[in-house]
Amino acid sequence: MTVMETETTDSAGSKADSCASAPTAHPCPAGQDHYTISEVVAFIGLTAHTLRWYERIGLMTHIDRSHTGQRRYRNRDLDWLTFIGKLRLTGMPVADMVRYAELVREGDHTFTQRHELLEQTRRDVRTRITELQGTLAVLDYKINFYADARPAPERR
């Protein structure tokens, strides 16, 4: 089993936290999802080195193995890797991603800590978006300045 959480509903109708982003189509249906590392590289776009590194640092745990010891990834692993990719895009430090993965493994009693970590990441992303919008405004101004300042073509 990986760090992947699944979305479930308990008897009281409460939803459990889900680490996966919105459901995506998987290359193989559940039960037939035994992907090699090279297949995961093709599906997800990470390198084999990165996948092994994720396993070493604790972002991916308990990857199934074939009888010959080759890694066999499941759909839940693809979902988790997709989520990790989204966290990377936010600029979340790897140490925070590892901490999040540890909290997931610790269980439901860490929901509050996971929520706080994601809330902080969202605040950081919003701050970066605001900074980038200011940067974009400066670029737009300069681009318009240079477009308006072009010398008229010479007439012959």
# chains A, B, ... in the order shown; residues from 1 in each chain; ligands from 1

$ residues_around --residues "Leu78 in chain A" --least-positions-apart "5" --cutoff "8 Å" --atoms "only C-alpha atoms" --output "list in words"
Val40, Ile44 and Tyr73 of chain A

$ write_last_selection --atoms "all heavy atoms" --output "mmCIF file, in the first residue's frame"
data_model
loop_
_atom_site.group_PDB
_atom_site.id
_atom_site.type_symbol
_atom_site.label_atom_id
_atom_site.label_comp_id
_atom_site.auth_asym_id
_atom_site.auth_seq_id
_atom_site.Cartn_x
_atom_site.Cartn_y
_atom_site.Cartn_z
ATOM 1 N N VAL A 40 5.166 3.898 -15.744
ATOM 2 C CA VAL A 40 4.821 5.057 -14.911
ATOM 3 C C VAL A 40 5.549 6.298 -15.430
ATOM 4 O O VAL A 40 4.968 7.377 -15.492
ATOM 5 C CB VAL A 40 5.128 4.790 -13.422
ATOM 6 C CG1 VAL A 40 4.929 6.047 -12.588
ATOM 7 C CG2 VAL A 40 4.255 3.664 -12.903
ATOM 8 N N ILE A 44 3.234 9.447 -16.239
ATOM 9 C CA ILE A 44 3.303 10.587 -15.323
ATOM 10 C C ILE A 44 4.284 11.650 -15.804
ATOM 11 O O ILE A 44 4.100 12.827 -15.543
ATOM 12 C CB ILE A 44 3.675 10.116 -13.893
ATOM 13 C CG1 ILE A 44 2.650 9.111 -13.364
ATOM 14 C CG2 ILE A 44 3.814 11.290 -12.936
ATOM 15 C CD1 ILE A 44 1.274 9.679 -13.128
ATOM 16 N N TYR A 73 3.598 -0.592 -9.836
ATOM 17 C CA TYR A 73 2.776 0.515 -9.373
ATOM 18 C C TYR A 73 1.312 0.228 -9.657
ATOM 19 O O TYR A 73 0.975 -0.496 -10.597
ATOM 20 C CB TYR A 73 3.203 1.816 -10.057
ATOM 21 C CG TYR A 73 4.604 2.239 -9.687
ATOM 22 C CD1 TYR A 73 5.707 1.759 -10.387
ATOM 23 C CD2 TYR A 73 4.828 3.115 -8.631
ATOM 24 C CE1 TYR A 73 6.992 2.143 -10.046
ATOM 25 C CE2 TYR A 73 6.109 3.511 -8.292
ATOM 26 C CZ TYR A 73 7.189 3.014 -8.998
ATOM 27 O OH TYR A 73 8.458 3.397 -8.660
#

$ residues_around --residues "range 91-104 of chain A" --least-positions-apart "5" --cutoff "7 Å" --atoms "only C-alpha atoms" --output "list in words"
Val3, Gly58, Leu59, Thr110, Arg114 and Thr121 of chain A

$ atom_distance --atom1 "CA of Tyr54 in chain A" --atom2 "CA of Ile37 in chain A"
12.5 Å

$ closest_residue --among "A:Arg76, A:His115, A:His109, A:Arg128" --to "Ala25 in chain A" --atoms "only C-alpha atoms"
A:Arg76

$ closest_residue --among "A:Asp79, A:Glu119, A:Arg150, A:Gln113" --to "Met60 in chain A" --atoms "only C-alpha atoms"
A:Asp79

$ select_by_dssp --residues "range 93-154 of chain A" --states "alpha helix (DSSP H)" --output "PyMOL selection string"
chain A and resi 94-106+111-148

$ closest_residue --among "A:Val138, A:Arg105, A:Thr90, A:Gly85" --to "His62 in chain A" --atoms "only C-alpha atoms"
A:Arg105

$ select_by_dssp --residues "range 25-143 of chain A" --states "strand (DSSP E)" --output "PyMOL selection string"
chain A and resi 64-65+71-72

$ write_last_selection --atoms "N, CA and C atoms" --output "tab-separated table (two decimals), in the first residue's frame"
chain	number	residue	atom	x	y	z
A	64	ASP	N	4.40	-2.16	-4.48
A	64	ASP	CA	4.35	-3.60	-4.73
A	64	ASP	C	5.56	-4.02	-5.56
A	65	ARG	N	5.96	-5.26	-5.40
A	65	ARG	CA	7.08	-5.81	-6.17
A	65	ARG	C	6.64	-7.12	-6.83
A	71	ARG	N	9.54	-3.15	-9.30
A	71	ARG	CA	8.44	-2.34	-8.78
A	71	ARG	C	7.21	-2.54	-9.66
A	72	ARG	N	6.05	-2.59	-9.00
A	72	ARG	CA	4.76	-2.68	-9.69
A	72	ARG	C	3.85	-1.63	-9.08

$ atom_distance --atom1 "CA of Leu51 in chain A" --atom2 "CA of Arg126 in chain A"
28.7 Å

$ atom_distance --atom1 "CA of Val125 in chain A" --atom2 "CA of Tyr141 in chain A"
24.1 Å

$ closest_residue --among "A:Asp124, A:Asp140, A:Arg52, A:Tyr35" --to "Ser66 in chain A" --atoms "only C-alpha atoms"
A:Tyr35

$ decode --residues "range 62-99 of chain A" --atoms "N, CA and C atoms" --output "PDB file, in the first residue's frame"
ATOM      1  N   HIS A  62       5.866   1.454   0.266  1.00  0.00           N
ATOM      2  CA  HIS A  62       5.244   0.147   0.064  1.00  0.00           C
ATOM      3  C   HIS A  62       4.800  -0.084  -1.380  1.00  0.00           C
ATOM      4  N   ILE A  63       5.698   0.180  -2.310  1.00  0.00           N
ATOM      5  CA  ILE A  63       5.412  -0.113  -3.705  1.00  0.00           C
ATOM      6  C   ILE A  63       5.441  -1.629  -3.861  1.00  0.00           C
ATOM      7  N   ASP A  64       4.395  -2.165  -4.482  1.00  0.00           N
ATOM      8  CA  ASP A  64       4.354  -3.604  -4.726  1.00  0.00           C
ATOM      9  C   ASP A  64       5.556  -4.020  -5.558  1.00  0.00           C
ATOM     10  N   ARG A  65       5.961  -5.259  -5.400  1.00  0.00           N
ATOM     11  CA  ARG A  65       7.083  -5.812  -6.173  1.00  0.00           C
ATOM     12  C   ARG A  65       6.642  -7.117  -6.830  1.00  0.00           C
ATOM     13  N   SER A  66       7.199  -7.364  -8.007  1.00  0.00           N
ATOM     14  CA  SER A  66       6.945  -8.635  -8.685  1.00  0.00           C
ATOM     15  C   SER A  66       7.770  -9.717  -7.999  1.00  0.00           C
ATOM     16  N   HIS A  67       7.601 -10.961  -8.422  1.00  0.00           N
ATOM     17  CA  HIS A  67       8.370 -12.056  -7.831  1.00  0.00           C
ATOM     18  C   HIS A  67       9.869 -11.898  -8.092  1.00  0.00           C
ATOM     19  N   THR A  68      10.228 -11.091  -9.087  1.00  0.00           N
ATOM     20  CA  THR A  68      11.645 -10.836  -9.377  1.00  0.00           C
ATOM     21  C   THR A  68      12.151  -9.553  -8.717  1.00  0.00           C
ATOM     22  N   GLY A  69      11.290  -8.879  -7.954  1.00  0.00           N
ATOM     23  CA  GLY A  69      11.695  -7.681  -7.232  1.00  0.00           C
ATOM     24  C   GLY A  69      11.473  -6.378  -7.978  1.00  0.00           C
ATOM     25  N   GLN A  70      10.894  -6.443  -9.170  1.00  0.00           N
ATOM     26  CA  GLN A  70      10.634  -5.204  -9.920  1.00  0.00           C
ATOM     27  C   GLN A  70       9.435  -4.484  -9.328  1.00  0.00           C
ATOM     28  N   ARG A  71       9.539  -3.151  -9.300  1.00  0.00           N
ATOM     29  CA  ARG A  71       8.438  -2.344  -8.782  1.00  0.00           C
ATOM     30  C   ARG A  71       7.205  -2.542  -9.658  1.00  0.00           C
ATOM     31  N   ARG A  72       6.049  -2.587  -9.002  1.00  0.00           N
ATOM     32  CA  ARG A  72       4.764  -2.683  -9.686  1.00  0.00           C
ATOM     33  C   ARG A  72       3.848  -1.632  -9.076  1.00  0.00           C
ATOM     34  N   TYR A  73       3.598  -0.592  -9.836  1.00  0.00           N
ATOM     35  CA  TYR A  73       2.776   0.515  -9.373  1.00  0.00           C
ATOM     36  C   TYR A  73       1.312   0.228  -9.657  1.00  0.00           C
ATOM     37  N   ARG A  74       0.440   0.809  -8.855  1.00  0.00           N
ATOM     38  CA  ARG A  74      -1.005   0.640  -8.988  1.00  0.00           C
ATOM     39  C   ARG A  74      -1.636   1.981  -9.344  1.00  0.00           C
ATOM     40  N   ASN A  75      -2.927   1.949  -9.670  1.00  0.00           N
ATOM     41  CA  ASN A  75      -3.637   3.192  -9.987  1.00  0.00           C
ATOM     42  C   ASN A  75      -3.559   4.175  -8.828  1.00  0.00           C
ATOM     43  N   ARG A  76      -3.632   3.680  -7.605  1.00  0.00           N
ATOM     44  CA  ARG A  76      -3.553   4.571  -6.446  1.00  0.00           C
ATOM     45  C   ARG A  76      -2.198   5.266  -6.393  1.00  0.00           C
ATOM     46  N   ASP A  77      -1.148   4.590  -6.866  1.00  0.00           N
ATOM     47  CA  ASP A  77       0.175   5.203  -6.918  1.00  0.00           C
ATOM     48  C   ASP A  77       0.208   6.313  -7.970  1.00  0.00           C
ATOM     49  N   LEU A  78      -0.442   6.068  -9.113  1.00  0.00           N
ATOM     50  CA  LEU A  78      -0.519   7.096 -10.155  1.00  0.00           C
ATOM     51  C   LEU A  78      -1.268   8.319  -9.625  1.00  0.00           C
ATOM     52  N   ASP A  79      -2.361   8.083  -8.894  1.00  0.00           N
ATOM     53  CA  ASP A  79      -3.126   9.194  -8.308  1.00  0.00           C
ATOM     54  C   ASP A  79      -2.266   9.980  -7.318  1.00  0.00           C
ATOM     55  N   TRP A  80      -1.529   9.282  -6.489  1.00  0.00           N
ATOM     56  CA  TRP A  80      -0.670   9.939  -5.504  1.00  0.00           C
ATOM     57  C   TRP A  80       0.412  10.751  -6.206  1.00  0.00           C
ATOM     58  N   LEU A  81       1.029  10.176  -7.242  1.00  0.00           N
ATOM     59  CA  LEU A  81       2.064  10.892  -7.985  1.00  0.00           C
ATOM     60  C   LEU A  81       1.505  12.126  -8.669  1.00  0.00           C
ATOM     61  N   THR A  82       0.282  12.045  -9.146  1.00  0.00           N
ATOM     62  CA  THR A  82      -0.369  13.212  -9.742  1.00  0.00           C
ATOM     63  C   THR A  82      -0.546  14.302  -8.696  1.00  0.00           C
ATOM     64  N   PHE A  83      -0.981  13.905  -7.510  1.00  0.00           N
ATOM     65  CA  PHE A  83      -1.153  14.870  -6.418  1.00  0.00           C
ATOM     66  C   PHE A  83       0.183  15.493  -6.025  1.00  0.00           C
ATOM     67  N   ILE A  84       1.214  14.670  -5.903  1.00  0.00           N
ATOM     68  CA  ILE A  84       2.551  15.173  -5.562  1.00  0.00           C
ATOM     69  C   ILE A  84       3.014  16.164  -6.630  1.00  0.00           C
ATOM     70  N   GLY A  85       2.703  15.868  -7.888  1.00  0.00           N
ATOM     71  CA  GLY A  85       3.047  16.792  -8.969  1.00  0.00           C
ATOM     72  C   GLY A  85       2.374  18.142  -8.790  1.00  0.00           C
ATOM     73  N   LYS A  86       1.111  18.126  -8.341  1.00  0.00           N
ATOM     74  CA  LYS A  86       0.410  19.399  -8.077  1.00  0.00           C
ATOM     75  C   LYS A  86       1.066  20.149  -6.926  1.00  0.00           C
ATOM     76  N   LEU A  87       1.459  19.424  -5.882  1.00  0.00           N
ATOM     77  CA  LEU A  87       2.142  20.073  -4.764  1.00  0.00           C
ATOM     78  C   LEU A  87       3.462  20.679  -5.219  1.00  0.00           C
ATOM     79  N   ARG A  88       4.186  19.979  -6.097  1.00  0.00           N
ATOM     80  CA  ARG A  88       5.443  20.520  -6.628  1.00  0.00           C
ATOM     81  C   ARG A  88       5.181  21.827  -7.366  1.00  0.00           C
ATOM     82  N   LEU A  89       4.098  21.869  -8.152  1.00  0.00           N
ATOM     83  CA  LEU A  89       3.772  23.079  -8.900  1.00  0.00           C
ATOM     84  C   LEU A  89       3.451  24.255  -7.981  1.00  0.00           C
ATOM     85  N   THR A  90       2.981  23.980  -6.779  1.00  0.00           N
ATOM     86  CA  THR A  90       2.696  25.070  -5.841  1.00  0.00           C
ATOM     87  C   THR A  90       3.971  25.672  -5.286  1.00  0.00           C
ATOM     88  N   GLY A  91       5.073  24.967  -5.460  1.00  0.00           N
ATOM     89  CA  GLY A  91       6.325  25.424  -4.865  1.00  0.00           C
ATOM     90  C   GLY A  91       6.522  24.897  -3.452  1.00  0.00           C
ATOM     91  N   MET A  92       5.672  23.965  -3.032  1.00  0.00           N
ATOM     92  CA  MET A  92       5.818  23.393  -1.688  1.00  0.00           C
ATOM     93  C   MET A  92       7.191  22.735  -1.569  1.00  0.00           C
ATOM     94  N   PRO A  93       7.921  23.027  -0.509  1.00  0.00           N
ATOM     95  CA  PRO A  93       9.220  22.383  -0.316  1.00  0.00           C
ATOM     96  C   PRO A  93       9.068  20.863  -0.175  1.00  0.00           C
ATOM     97  N   VAL A  94      10.058  20.131  -0.643  1.00  0.00           N
ATOM     98  CA  VAL A  94      10.026  18.674  -0.573  1.00  0.00           C
ATOM     99  C   VAL A  94       9.861  18.221   0.872  1.00  0.00           C
ATOM    100  N   ALA A  95      10.493  18.892   1.800  1.00  0.00           N
ATOM    101  CA  ALA A  95      10.375  18.517   3.213  1.00  0.00           C
ATOM    102  C   ALA A  95       8.915  18.582   3.669  1.00  0.00           C
ATOM    103  N   ASP A  96       8.174  19.578   3.192  1.00  0.00           N
ATOM    104  CA  ASP A  96       6.751  19.677   3.546  1.00  0.00           C
ATOM    105  C   ASP A  96       5.937  18.582   2.880  1.00  0.00           C
ATOM    106  N   MET A  97       6.311  18.219   1.645  1.00  0.00           N
ATOM    107  CA  MET A  97       5.612  17.112   0.973  1.00  0.00           C
ATOM    108  C   MET A  97       5.843  15.807   1.732  1.00  0.00           C
ATOM    109  N   VAL A  98       7.069  15.602   2.174  1.00  0.00           N
ATOM    110  CA  VAL A  98       7.386  14.398   2.951  1.00  0.00           C
ATOM    111  C   VAL A  98       6.613  14.426   4.264  1.00  0.00           C
ATOM    112  N   ARG A  99       6.559  15.575   4.907  1.00  0.00           N
ATOM    113  CA  ARG A  99       5.794  15.704   6.160  1.00  0.00           C
ATOM    114  C   ARG A  99       4.329  15.376   5.917  1.00  0.00           C
TER     115      ARG A  99
END
